[in-house]
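Text of query13.cif, listed as mmCIF, C-alpha atoms:
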```cif
data_model
#
loop_
_atom_site.label_atom_id
_atom_site.label_comp_id
_atom_site.auth_asym_id
_atom_site.auth_seq_id
_atom_site.Cartn_x
_atom_site.Cartn_y
_atom_site.Cartn_z
CA MET A 1 -56.34 -26.79 10.64
CA ILE A 2 -60.13 -26.94 10.95
CA GLU A 3 -62.64 -26.41 8.14
CA HIS A 4 -65.50 -24.41 9.57
CA ARG A 5 -68.95 -24.07 8.00
CA GLY A 6 -72.29 -23.03 9.43
CA THR A 7 -73.91 -19.75 10.41
CA ALA A 8 -74.18 -17.53 13.43
CA LEU A 9 -75.69 -14.19 14.34
CA VAL A 10 -73.67 -11.33 15.78
CA GLU A 11 -75.45 -10.04 18.85
CA SER A 12 -74.83 -6.39 19.72
CA SER A 13 -73.19 -5.50 23.00
CA SER A 14 -74.27 -2.29 24.70
CA LEU A 15 -71.14 -2.24 26.90
CA ILE A 16 -68.65 -2.50 24.06
CA ARG A 17 -70.67 -0.04 21.98
CA SER A 18 -70.55 2.47 24.81
CA LEU A 19 -66.83 1.88 25.38
CA SER A 20 -66.08 2.13 21.66
CA ALA A 21 -67.94 5.41 21.49
CA ARG A 22 -65.53 6.77 24.10
CA LEU A 23 -62.45 5.62 22.19
CA PRO A 24 -61.46 8.28 19.65
CA GLY A 25 -61.21 6.89 16.16
CA VAL A 26 -63.25 3.78 16.95
CA SER A 27 -66.71 3.70 15.51
CA ASP A 28 -69.50 2.05 17.46
CA ASP A 29 -70.34 0.33 14.20
CA PRO A 30 -67.84 -2.55 13.83
CA TYR A 31 -68.35 -2.50 10.05
CA GLN A 32 -66.81 1.00 9.88
CA ASP A 33 -63.06 0.60 10.42
CA PRO A 34 -61.24 3.72 9.20
CA ALA A 35 -57.94 2.87 10.90
CA GLY A 36 -57.63 -0.71 9.63
CA LEU A 37 -55.95 -3.06 12.10
CA LEU A 38 -55.79 -5.77 9.45
CA GLN A 39 -54.09 -3.35 7.07
CA ALA A 40 -51.61 -2.38 9.78
CA LEU A 41 -50.83 -6.03 10.48
CA ALA A 42 -50.39 -6.73 6.78
CA ARG A 43 -47.43 -4.31 6.70
CA ILE A 44 -45.41 -6.53 9.06
CA PRO A 45 -42.78 -8.51 7.10
CA ASP A 46 -43.88 -12.12 6.59
CA PRO A 47 -41.02 -14.54 7.43
CA ARG A 48 -42.70 -17.54 5.78
CA ASP A 49 -41.90 -18.99 2.38
CA ARG A 50 -44.45 -17.88 -0.20
CA ARG A 51 -44.94 -21.46 -1.28
CA GLY A 52 -47.44 -23.35 0.82
CA ARG A 53 -48.93 -20.38 2.64
CA VAL A 54 -52.55 -21.07 3.52
CA HIS A 55 -53.27 -18.13 5.83
CA SER A 56 -52.37 -14.49 5.43
CA LEU A 57 -50.11 -13.04 8.09
CA SER A 58 -52.68 -10.37 8.93
CA SER A 59 -55.44 -12.92 9.55
CA LEU A 60 -53.24 -15.05 11.81
CA LEU A 61 -52.24 -12.02 13.86
CA ALA A 62 -55.81 -10.70 13.93
CA VAL A 63 -56.96 -14.03 15.35
CA THR A 64 -54.20 -13.75 17.97
CA VAL A 65 -55.15 -10.20 18.97
CA GLY A 66 -58.86 -11.07 19.07
CA ALA A 67 -58.22 -14.09 21.27
CA VAL A 68 -56.04 -12.11 23.69
CA ALA A 69 -58.76 -9.44 23.84
CA ALA A 70 -61.08 -12.25 24.94
CA GLY A 71 -58.71 -13.19 27.76
CA GLN A 72 -56.88 -16.14 26.17
CA ARG A 73 -53.51 -16.58 27.87
CA SER A 74 -51.60 -19.15 25.80
CA VAL A 75 -51.03 -20.15 22.19
CA SER A 76 -53.08 -23.30 22.80
CA ALA A 77 -55.96 -21.23 24.15
CA ILE A 78 -55.76 -18.93 21.11
CA GLY A 79 -56.15 -21.95 18.83
CA GLU A 80 -59.10 -23.28 20.84
CA TRP A 81 -60.78 -19.85 20.76
CA ALA A 82 -60.39 -19.69 16.99
CA ALA A 83 -61.85 -23.20 16.56
CA ASP A 84 -65.07 -22.12 18.25
CA LEU A 85 -65.62 -18.93 16.25
CA PRO A 86 -68.82 -18.54 14.21
CA VAL A 87 -68.47 -17.92 10.49
CA ASP A 88 -69.26 -14.21 10.59
CA ILE A 89 -66.38 -13.63 13.04
CA LEU A 90 -64.06 -15.74 10.89
CA ALA A 91 -65.05 -13.59 7.91
CA GLY A 92 -64.31 -10.41 9.87
CA LEU A 93 -60.86 -11.76 10.73
CA GLU A 94 -60.34 -12.59 7.03
CA VAL A 95 -59.60 -16.25 7.75
CA SER A 96 -58.81 -18.17 4.57
CA ARG A 97 -61.40 -20.33 2.83
CA ASP A 98 -61.04 -23.68 1.12
CA ARG A 99 -61.03 -22.97 -2.63
CA PHE A 100 -63.21 -26.00 -3.35
CA THR A 101 -65.71 -26.18 -0.50
CA GLY A 102 -65.78 -22.51 0.53
CA GLY A 103 -65.47 -23.48 4.19
CA PHE A 104 -63.19 -21.55 6.52
CA LEU A 105 -59.77 -23.05 7.21
CA VAL A 106 -59.36 -22.18 10.86
CA PRO A 107 -55.69 -21.91 11.91
CA ASP A 108 -54.65 -24.15 14.77
CA ALA A 109 -52.34 -23.38 17.68
CA SER A 110 -49.25 -24.87 16.04
CA THR A 111 -49.68 -22.67 12.96
CA ILE A 112 -50.03 -19.55 15.09
CA GLY A 113 -47.16 -20.55 17.37
CA ARG A 114 -44.75 -21.13 14.47
CA LEU A 115 -45.55 -17.72 13.01
CA LEU A 116 -45.13 -15.87 16.32
CA ALA A 117 -41.75 -17.52 16.85
CA ARG A 118 -40.43 -16.36 13.46
CA LEU A 119 -41.78 -12.81 13.33
CA ASP A 120 -39.68 -9.69 13.68
CA ALA A 121 -40.97 -8.76 17.14
CA GLU A 122 -39.77 -5.16 16.83
CA ALA A 123 -41.81 -4.82 13.62
CA VAL A 124 -44.86 -6.17 15.46
CA GLU A 125 -44.30 -3.63 18.25
CA ALA A 126 -43.95 -0.81 15.73
CA ALA A 127 -47.05 -1.76 13.72
CA LEU A 128 -49.31 -2.12 16.76
CA THR A 129 -48.03 1.08 18.36
CA GLU A 130 -48.44 3.07 15.14
CA TRP A 131 -51.98 1.80 14.72
CA LEU A 132 -52.85 2.67 18.30
CA LEU A 133 -51.37 6.17 18.02
CA THR A 134 -53.28 6.95 14.82
CA ARG A 135 -56.59 6.08 16.50
CA THR A 136 -56.15 7.94 19.75
CA ASN A 137 -55.39 11.37 21.10
CA LEU A 138 -52.83 10.63 23.76
CA ARG A 139 -52.39 14.17 25.01
CA SER A 140 -54.00 15.05 28.30
CA ALA A 141 -56.86 17.52 28.04
CA ALA A 142 -55.13 19.73 30.59
CA GLY A 143 -51.63 20.01 31.95
CA ARG A 144 -48.31 18.63 30.78
CA ARG A 145 -48.22 15.20 29.17
CA ALA A 146 -46.35 12.63 31.28
CA VAL A 147 -44.67 9.46 30.00
CA ALA A 148 -43.37 6.70 32.28
CA VAL A 149 -40.47 4.43 31.32
CA ASP A 150 -39.76 1.12 33.03
CA GLY A 151 -38.56 -2.39 32.23
CA LYS A 152 -39.91 -5.88 32.82
CA THR A 153 -38.43 -9.37 32.56
CA LEU A 154 -40.61 -12.15 31.11
CA ARG A 155 -39.66 -14.74 33.71
CA GLY A 156 -41.17 -17.72 31.92
CA SER A 157 -39.38 -16.94 28.66
CA GLY A 158 -36.19 -18.80 29.57
CA ARG A 159 -33.71 -19.68 32.24
CA PRO A 160 -32.16 -16.92 34.36
CA GLY A 161 -29.76 -15.04 32.14
CA ASP A 162 -31.63 -16.00 28.96
CA GLN A 163 -35.00 -14.42 29.76
CA VAL A 164 -36.53 -11.75 27.53
CA HIS A 165 -36.36 -8.27 29.05
CA LEU A 166 -38.52 -5.46 27.68
CA LEU A 167 -38.47 -1.69 28.20
CA ALA A 168 -41.79 0.13 27.78
CA ALA A 169 -43.11 3.69 27.70
CA LEU A 170 -46.61 4.45 28.97
CA ASP A 171 -48.84 7.53 28.98
CA HIS A 172 -49.71 8.57 32.57
CA HIS A 173 -53.03 10.12 31.59
CA ASN A 174 -54.74 7.16 30.01
CA GLY A 175 -52.48 4.14 30.53
CA ALA A 176 -51.80 3.54 26.83
CA VAL A 177 -48.51 1.86 25.97
CA LEU A 178 -46.62 4.19 23.61
CA GLY A 179 -43.83 1.78 22.75
CA GLN A 180 -41.80 -1.20 23.84
CA THR A 181 -38.40 -2.57 22.90
CA ALA A 182 -36.31 -5.59 23.81
CA VAL A 183 -32.98 -5.36 25.61
CA ASP A 184 -30.24 -7.94 25.96
CA GLY A 185 -30.46 -7.96 29.74
CA LYS A 186 -31.20 -5.83 32.76
CA THR A 187 -27.77 -4.19 32.64
CA ASN A 188 -28.40 -3.05 29.05
CA GLU A 189 -31.75 -1.35 29.68
CA ILE A 190 -30.03 2.03 29.81
CA THR A 191 -28.87 1.74 26.20
CA ARG A 192 -32.45 1.22 24.96
CA PHE A 193 -33.90 4.32 26.65
CA GLN A 194 -33.28 6.72 23.78
CA PRO A 195 -34.24 4.27 20.96
CA LEU A 196 -37.51 3.60 22.77
CA LEU A 197 -38.46 7.29 22.98
CA SER A 198 -36.84 8.61 19.82
CA GLY A 199 -39.96 8.22 17.66
CA LEU A 200 -42.28 10.00 20.10
CA ASP A 201 -43.05 13.70 20.09
CA LEU A 202 -42.04 14.64 23.63
CA THR A 203 -42.05 18.42 23.23
CA ASP A 204 -43.17 19.95 26.56
CA ALA A 205 -43.81 16.46 27.98
CA VAL A 206 -42.23 15.15 31.18
CA VAL A 207 -40.61 11.72 31.26
CA THR A 208 -40.61 9.86 34.57
CA ALA A 209 -38.17 7.04 35.26
CA ASP A 210 -36.66 5.15 38.15
CA ALA A 211 -33.11 5.51 39.44
CA MET A 212 -31.62 3.24 36.78
CA HIS A 213 -32.34 5.92 34.18
CA ALA A 214 -31.07 8.87 36.19
CA GLN A 215 -28.26 9.09 33.65
CA ARG A 216 -26.49 12.24 32.53
CA GLU A 217 -26.82 11.38 28.83
CA HIS A 218 -30.56 10.78 29.21
CA ALA A 219 -31.00 14.17 30.88
CA ARG A 220 -29.08 15.99 28.15
CA TRP A 221 -30.89 14.16 25.34
CA LEU A 222 -34.37 14.81 26.74
CA THR A 223 -33.66 18.48 27.44
CA GLU A 224 -31.59 19.47 24.43
CA GLU A 225 -32.94 17.25 21.65
CA LYS A 226 -36.48 16.24 22.65
CA ARG A 227 -37.34 19.56 24.36
CA ALA A 228 -38.87 17.55 27.19
CA GLY A 229 -38.84 17.60 30.95
CA TYR A 230 -37.58 14.79 33.11
CA LEU A 231 -38.34 13.64 36.63
CA PHE A 232 -35.92 10.96 37.81
CA THR A 233 -35.76 9.29 41.19
CA VAL A 234 -32.22 9.10 42.54
CA LYS A 235 -30.65 6.32 44.57
CA ARG A 236 -27.16 5.23 45.47
CA ASN A 237 -26.35 4.20 41.90
CA GLN A 238 -25.51 7.91 41.53
CA PRO A 239 -23.51 8.24 44.78
CA ARG A 240 -22.26 11.82 44.31
CA LEU A 241 -25.70 13.12 43.32
CA PHE A 242 -27.39 11.13 46.08
CA ARG A 243 -25.07 12.66 48.68
CA GLN A 244 -25.80 16.15 47.32
CA LEU A 245 -29.54 15.60 47.56
CA LYS A 246 -29.35 14.13 51.03
CA ALA A 247 -27.22 17.06 52.25
CA LEU A 248 -29.63 19.79 51.11
CA PRO A 249 -31.11 21.82 54.01
CA TRP A 250 -34.41 19.95 54.04
CA ALA A 251 -35.11 20.95 57.64
CA LYS A 252 -35.55 24.53 56.41
CA VAL A 253 -37.71 23.58 53.40
CA PRO A 254 -41.47 23.64 54.03
CA VAL A 255 -43.75 20.77 53.10
CA LEU A 256 -45.46 21.91 49.91
CA ASP A 257 -47.83 19.03 49.17
CA VAL A 258 -49.49 16.36 51.32
CA THR A 259 -51.50 13.42 50.04
CA ARG A 260 -53.25 10.71 52.03
CA ASP A 261 -54.33 7.29 50.83
CA ARG A 262 -56.07 4.25 52.22
CA GLY A 263 -55.98 0.83 50.67
CA HIS A 264 -54.53 -2.70 50.84
CA GLY A 265 -54.98 -2.68 54.62
CA ARG A 266 -52.79 0.34 55.22
CA ARG A 267 -52.81 4.12 55.48
CA GLU A 268 -50.21 6.22 53.75
CA ILE A 269 -49.22 9.88 54.02
CA ARG A 270 -46.82 11.43 51.50
CA ARG A 271 -45.21 14.77 52.24
CA LEU A 272 -43.37 16.48 49.40
CA GLN A 273 -40.69 19.14 49.67
CA ALA A 274 -39.07 20.85 46.69
CA VAL A 275 -36.22 23.31 46.47
CA THR A 276 -34.75 25.27 43.56
CA CYS A 277 -31.06 24.45 43.20
CA HIS A 278 -28.67 27.14 41.97
CA GLY A 279 -25.53 28.84 43.19
CA VAL A 280 -24.07 26.94 46.14
CA LEU A 281 -26.99 24.50 45.98
CA ALA A 282 -26.48 23.72 42.27
CA LEU A 283 -26.69 20.00 41.51
CA ASP A 284 -24.00 18.14 39.62
CA PHE A 285 -26.42 16.85 36.99
CA PRO A 286 -27.28 18.23 33.53
CA HIS A 287 -30.10 20.80 33.52
CA ALA A 288 -31.35 19.83 37.01
CA VAL A 289 -32.97 22.88 38.61
CA GLN A 290 -35.22 21.38 41.29
CA ALA A 291 -34.64 18.75 43.94
CA VAL A 292 -37.53 16.85 45.48
CA ARG A 293 -37.84 14.88 48.67
CA ILE A 294 -40.87 12.74 49.47
CA ARG A 295 -41.33 11.09 52.84
CA ARG A 296 -43.84 8.27 52.76
CA ARG A 297 -45.18 7.11 56.10
CA ARG A 298 -47.21 3.92 56.08
CA TYR A 299 -49.28 2.63 58.96
CA HIS A 300 -50.85 -0.83 59.16
CA PRO A 301 -53.79 -0.65 61.62
CA ARG A 302 -54.02 -4.43 61.88
CA THR A 303 -50.45 -4.93 63.02
CA GLY A 304 -49.82 -1.50 64.49
CA ARG A 305 -46.59 -1.23 62.53
CA ALA A 306 -45.43 1.97 60.88
CA SER A 307 -42.61 2.65 58.44
CA THR A 308 -41.13 5.72 56.80
CA VAL A 309 -39.40 5.77 53.41
CA THR A 310 -37.57 8.76 51.97
CA VAL A 311 -37.33 9.19 48.20
CA TYR A 312 -35.28 11.79 46.33
CA ALA A 313 -35.89 13.03 42.79
CA ILE A 314 -34.60 15.66 40.39
CA THR A 315 -36.15 17.56 37.48
CA ASN A 316 -35.16 20.07 34.86
CA LEU A 317 -38.49 21.86 35.25
CA THR A 318 -38.51 25.08 37.22
CA ALA A 319 -40.88 25.84 40.06
CA GLY A 320 -42.88 27.94 37.60
CA GLN A 321 -43.19 25.03 35.17
CA ALA A 322 -43.97 22.33 37.72
CA LYS A 323 -46.00 23.02 40.86
CA PRO A 324 -45.55 20.80 43.93
CA SER A 325 -48.88 19.14 43.19
CA ASP A 326 -47.64 18.39 39.64
CA LEU A 327 -44.45 16.80 40.95
CA ALA A 328 -46.40 14.70 43.44
CA GLY A 329 -48.87 13.63 40.76
CA TRP A 330 -46.16 12.60 38.31
CA LEU A 331 -44.23 10.63 40.91
CA ARG A 332 -47.40 8.84 41.94
CA GLY A 333 -48.51 8.43 38.32
CA HIS A 334 -45.35 6.52 37.51
CA TRP A 335 -46.79 3.51 39.35
CA LEU A 336 -49.24 3.02 36.45
CA ILE A 337 -46.53 1.30 34.45
CA GLU A 338 -46.05 -1.08 37.39
CA SER A 339 -49.79 -1.70 37.17
CA LEU A 340 -49.31 -2.63 33.50
CA HIS A 341 -46.72 -5.22 34.48
CA TYR A 342 -48.99 -6.55 37.24
CA ILE A 343 -51.92 -6.97 34.83
CA ARG A 344 -49.76 -8.82 32.34
CA ASP A 345 -48.45 -11.11 35.07
CA VAL A 346 -51.64 -11.76 37.02
CA THR A 347 -54.46 -11.35 34.49
CA PHE A 348 -52.62 -12.77 31.48
CA GLY A 349 -50.25 -15.11 33.34
CA GLU A 350 -47.25 -13.72 31.47
CA ASP A 351 -44.56 -14.75 33.94
CA ALA A 352 -46.03 -18.25 34.15
CA SER A 353 -46.08 -18.61 30.37
CA GLN A 354 -43.66 -21.20 28.99
CA VAL A 355 -43.64 -19.68 25.49
CA ARG A 356 -39.92 -19.43 24.80
CA THR A 357 -39.34 -20.01 21.09
CA GLY A 358 -37.87 -17.20 19.01
CA SER A 359 -39.71 -13.89 19.07
CA ALA A 360 -42.99 -15.33 20.39
CA PRO A 361 -42.60 -14.02 23.99
CA GLN A 362 -42.07 -10.42 22.86
CA ALA A 363 -44.73 -10.59 20.14
CA LEU A 364 -47.35 -11.81 22.64
CA ALA A 365 -46.28 -9.13 25.13
CA ALA A 366 -46.87 -6.52 22.40
CA VAL A 367 -50.35 -7.90 21.77
CA ARG A 368 -51.16 -7.81 25.50
CA ASN A 369 -50.00 -4.20 25.68
CA LEU A 370 -52.30 -3.28 22.80
CA VAL A 371 -55.32 -4.97 24.39
CA ILE A 372 -54.69 -3.39 27.80
CA SER A 373 -54.25 0.03 26.16
CA LEU A 374 -57.48 -0.25 24.19
CA LEU A 375 -59.45 -1.34 27.24
CA ARG A 376 -58.05 1.53 29.33
CA LEU A 377 -58.71 4.05 26.56
CA ALA A 378 -62.24 2.70 26.33
CA GLY A 379 -62.77 3.44 30.02
CA ALA A 380 -62.40 -0.05 31.51
CA THR A 381 -61.16 0.24 35.09
CA ASN A 382 -60.98 -3.52 35.68
CA VAL A 383 -59.14 -5.27 32.85
CA ALA A 384 -59.87 -8.78 34.11
CA LYS A 385 -63.60 -8.05 34.22
CA ALA A 386 -63.52 -6.55 30.72
CA LEU A 387 -61.75 -9.64 29.39
CA ARG A 388 -64.34 -11.92 30.97
CA HIS A 389 -67.04 -9.80 29.35
CA ASN A 390 -65.38 -10.19 25.95
CA SER A 391 -64.89 -13.93 26.41
CA ARG A 392 -68.63 -14.58 26.57
CA LYS A 393 -69.29 -13.20 23.07
CA PRO A 394 -66.53 -13.37 20.43
CA HIS A 395 -67.82 -10.37 18.50
CA ARG A 396 -67.07 -8.12 21.48
CA SER A 397 -63.33 -8.51 20.91
CA LEU A 398 -63.73 -7.52 17.27
CA GLN A 399 -65.82 -4.48 18.18
CA LEU A 400 -63.10 -3.35 20.57
CA LEU A 401 -60.56 -3.72 17.76
CA GLY A 402 -62.84 -2.03 15.22
CA ILE A 403 -62.90 -5.11 12.96
CA ALA A 404 -65.99 -6.11 11.01
#
```
Have the structure of the file written as C-alpha cells, please.
Amino acid sequence: MIEHRGTALVESSSLIRSLSARLPGVSDDPYQDPAGLLQALARIPDPRDRRGRVHSLSSLLAVTVGAVAAGQRSVSAIGEWAADLPVDILAGLEVSRDRFTGGFLVPDASTIGRLLARLDAEAVEAALTEWLLTRTNLRSAAGRRAVAVDGKTLRGSGRPGDQVHLLAALDHHNGAVLGQTAVDGKTNEITRFQPLLSGLDLTDAVVTADAMHAQREHARWLTEEKRAGYLFTVKRNQPRLFRQLKALPWAKVPVLDVTRDRGHGRREIRRLQAVTCHGVLALDFPHAVQAVRIRRRRYHPRTGRASTVTVYAITNLTAGQAKPSDLAGWLRGHWLIESLHYIRDVTFGEDASQVRTGSAPQALAAVRNLVISLLRLAGATNVAKALRHNSRKPHRSLQLLGIA
C-alpha cells in the first residue's frame, strides 16, 4: 500500500470529450455523473471481513476498471497504474485516506488481486451490465435489433479441462456486451443460453447463434416466451435437419442477395438464397419458416487459390419480416462477437494471462467487456488506439467512465 500526497492538474481531452458527448447518458463534464459507476460497484457483495478493511470495494473495483480502460493487461500493471495516479484522480476514484496524515492509501496489486479472486463474478457481471444498460440506448435507430450469442474459453485461466469458459451476448448494432455468464465447460454452454438471455427484453429482436445453439428448446423458448426471432446456423450436430436443408431444391432458388468484400489479402463473394418452408418442404424444427443457404467464395490473388464454403441457416422470421438483405446482414453481423474475443485476446492479452485464482479471470473479463463496450459506444473504431490514448493521461479513463 502506498501513501500518496502531492498535487496535479487535470488536463482536458478534446477526444474523450467528443466521444463522451456521443455516448448517451455520459456527460462531457466528468464531474456530472448521473449514472454512478461507483454506486453500481458498491452494490456488489463484499466478501471481505469487515474488520481490517482499508479500502472500499467500490474504490478497488473503480481503480481496476480505470486501469483496464487505460490499457493495463494484468493485476500487476493495474497496481503500477494506481501507484502513479495524481491526487485528483485518486480522489475521483474515492481511494481511502490515512486518518492521521490525510494522504491517499493507494491499493497495491496484491490487494486488488485478492479481492478479484474472492468476488462473486456473476454479481460483478450483473452490476456492470446493469450500469451499462441504464446509460445507453441499445436499440438500433432503424430495423430489428440483433443480438449475437457465442462462447469463449480463457485459455490462460487453467489447464485444459479446468479453464474458465464464458458465454456472452452482444448487440450487433453497436458492439455493446449485453451480458456474460460462466459455464462449467464447452459441453455445458447450451444450458447457459436461456439464463444468459432471460433478463433481456428481446421482444421483436433476432438472436443469432452458431450451430451449437441450434437447439429445439432454444427455438421454442425464444419464439414462445421471449417473442423474439432466431437465426441459427446448422451443421452436422443436427444431422436430420442438416440433411433436410441440404436436400432442398436450391438449384431452383434464385440468388437474392450478393455481397462482395476485400480485405486481409483476399476477395470474397457471398451469395444468399432463401426459401419459405411449408407443406412438403416443412422443416423438422420448432417455428422454422425459412431456410437460408450462403455460398462464400474466397479468392487469394497472391496465391491464386480459391475456395467455396456453403453455410446453412434457419429462422422463424417470415420473408415479410426478414428480407434477404436483413438475413445477410445478421449472418455477417454475428462476426462482431468474434471480434470481441479477438480484441480481448490480442489487445488485452487475455489468453496469455496467468490469472487463475478464484473468480479473478471472469471478473477481469467482465471489466474488459465493459471497457470495450464503452469505447465502441463512444465511436472508437480502433480499441487498441483508444487505449493508448487513455494511457497517456489518467483522467481520460475517468472521463470515459463518467467519474469525477
With the file shown as input, list the residues that the PyMOL selection byres ((chain A and resi 176) around 9) selects, as a ChimeraX atom specification. /A:132,138,169-175,177-178,369-370,372-374,376-377
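Residue selection for this entry, given the PyMOL selection byres ((chain A and resi 214) around 10), comprises Ile190, Thr208, Ala209, Asp210, Ala211, Met212, His213, Gln215, Arg216, Glu217, His218, Ala219, Tyr230, Leu231, Phe232, Thr233, Val234, Lys235, Asn237, Gln238, Leu241, Phe285, Ala313 and Ile314 of chain A.
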What is the distance between CA of Tyr342 (chain A) and CA of Arg260 (chain A), in Å to one decimal? 23.1 Å
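Residues captured in this structure file are A:Arg260, A:Arg267, A:Glu268, A:Ile269, A:Arg270, A:Arg271, A:Ile294, A:Arg295, A:Arg296, A:Arg298, A:Tyr299, A:Ala306, A:Ser307, A:Thr308, A:Val309, A:Thr310, according to the PyMOL selection byres ((chain A and resi 297) around 10).
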Please write the residues from the selection above to a file, keeping C-alpha atoms, as a PDB file, in the coordinates of the input.
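What ended up in again07.pdb:
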```pdb
ATOM      1  CA  ARG A 260     -53.250  10.710  52.030  1.00  0.00           C
ATOM      2  CA  ARG A 267     -52.810   4.120  55.480  1.00  0.00           C
ATOM      3  CA  GLU A 268     -50.210   6.220  53.750  1.00  0.00           C
ATOM      4  CA  ILE A 269     -49.220   9.880  54.020  1.00  0.00           C
ATOM      5  CA  ARG A 270     -46.820  11.430  51.500  1.00  0.00           C
ATOM      6  CA  ARG A 271     -45.210  14.770  52.240  1.00  0.00           C
ATOM      7  CA  ILE A 294     -40.870  12.740  49.470  1.00  0.00           C
ATOM      8  CA  ARG A 295     -41.330  11.090  52.840  1.00  0.00           C
ATOM      9  CA  ARG A 296     -43.840   8.270  52.760  1.00  0.00           C
ATOM     10  CA  ARG A 298     -47.210   3.920  56.080  1.00  0.00           C
ATOM     11  CA  TYR A 299     -49.280   2.630  58.960  1.00  0.00           C
ATOM     12  CA  ALA A 306     -45.430   1.970  60.880  1.00  0.00           C
ATOM     13  CA  SER A 307     -42.610   2.650  58.440  1.00  0.00           C
ATOM     14  CA  THR A 308     -41.130   5.720  56.800  1.00  0.00           C
ATOM     15  CA  VAL A 309     -39.400   5.770  53.410  1.00  0.00           C
ATOM     16  CA  THR A 310     -37.570   8.760  51.970  1.00  0.00           C
TER      17      THR A 310
END
```
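Closest to Ser353 (chain A) among A:Leu154, A:Ala168, A:Ala274, A:Leu57 is A:Leu154, based on all atoms listed in the file.
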Neighbouring residues of Val275 (chain A) were defined as those with any atom within 9 Å, considering all atoms listed in the file; residues of the same chain fewer than 6 positions away were excluded. Please report them as number ranges by chain. A: 248, 250, 253, 289-293, 319
List the neighbours of region 382-386 of chain A out to 9 Å using only C-alpha atoms; skip same-chain residues closer than 2 positions along the sequence, and give me the result as a tab-separated table (two decimals) with C-alpha atoms, in the frame of the given file.
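Result saved to result.tsv:
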```tsv
chain	number	residue	atom	x	y	z
A	69	ALA	CA	-58.76	-9.44	23.84
A	70	ALA	CA	-61.08	-12.25	24.94
A	71	GLY	CA	-58.71	-13.19	27.76
A	343	ILE	CA	-51.92	-6.97	34.83
A	347	THR	CA	-54.46	-11.35	34.49
A	348	PHE	CA	-52.62	-12.77	31.48
A	372	ILE	CA	-54.69	-3.39	27.80
A	375	LEU	CA	-59.45	-1.34	27.24
A	376	ARG	CA	-58.05	1.53	29.33
A	380	ALA	CA	-62.40	-0.05	31.51
A	388	ARG	CA	-64.34	-11.92	30.97
A	389	HIS	CA	-67.04	-9.80	29.35
A	390	ASN	CA	-65.38	-10.19	25.95
A	391	SER	CA	-64.89	-13.93	26.41
```
Copy region 297-301 of chain A out of the block into a file, keeping all heavy atoms, as a compact mmCIF listing (two decimals), in the first residue's frame.
```
# COMPACT_ATOMS: atom_id res chain seq x y z
N ARG A 297 -17.42 -17.64 -51.61
CA ARG A 297 -16.27 -17.96 -52.47
C ARG A 297 -15.15 -16.97 -52.18
O ARG A 297 -15.33 -15.76 -52.31
CB ARG A 297 -16.65 -17.92 -53.95
CG ARG A 297 -15.48 -18.29 -54.87
CD ARG A 297 -15.93 -18.51 -56.29
NE ARG A 297 -14.80 -18.80 -57.18
CZ ARG A 297 -14.22 -19.99 -57.30
NH1 ARG A 297 -14.68 -21.00 -56.58
NH2 ARG A 297 -13.21 -20.19 -58.12
N ARG A 298 -14.02 -17.51 -51.78
CA ARG A 298 -12.87 -16.67 -51.45
C ARG A 298 -11.76 -16.91 -52.47
O ARG A 298 -11.48 -18.05 -52.84
CB ARG A 298 -12.35 -17.00 -50.04
CG ARG A 298 -13.28 -16.55 -48.94
CD ARG A 298 -12.76 -16.95 -47.59
NE ARG A 298 -13.61 -16.44 -46.51
CZ ARG A 298 -13.47 -16.75 -45.23
NH1 ARG A 298 -12.50 -17.59 -44.87
NH2 ARG A 298 -14.27 -16.25 -44.33
N TYR A 299 -11.14 -15.81 -52.86
CA TYR A 299 -10.04 -15.87 -53.82
C TYR A 299 -8.85 -15.10 -53.27
O TYR A 299 -9.00 -13.96 -52.81
CB TYR A 299 -10.47 -15.29 -55.16
CG TYR A 299 -9.35 -15.20 -56.17
CD1 TYR A 299 -8.76 -16.34 -56.71
CD2 TYR A 299 -8.85 -13.96 -56.58
CE1 TYR A 299 -7.73 -16.26 -57.62
CE2 TYR A 299 -7.82 -13.86 -57.50
CZ TYR A 299 -7.25 -15.02 -58.02
OH TYR A 299 -6.22 -14.93 -58.92
N HIS A 300 -7.70 -15.74 -53.27
CA HIS A 300 -6.46 -15.12 -52.80
C HIS A 300 -5.60 -14.76 -54.02
O HIS A 300 -4.97 -15.66 -54.62
CB HIS A 300 -5.69 -16.08 -51.88
CG HIS A 300 -6.45 -16.44 -50.64
ND1 HIS A 300 -6.23 -15.84 -49.43
CD2 HIS A 300 -7.45 -17.35 -50.44
CE1 HIS A 300 -7.05 -16.36 -48.53
NE2 HIS A 300 -7.79 -17.27 -49.12
N PRO A 301 -5.58 -13.49 -54.42
CA PRO A 301 -4.82 -13.11 -55.61
C PRO A 301 -3.35 -13.48 -55.54
O PRO A 301 -2.73 -13.81 -56.55
CB PRO A 301 -5.01 -11.58 -55.67
CG PRO A 301 -6.26 -11.32 -54.90
CD PRO A 301 -6.28 -12.34 -53.82
```
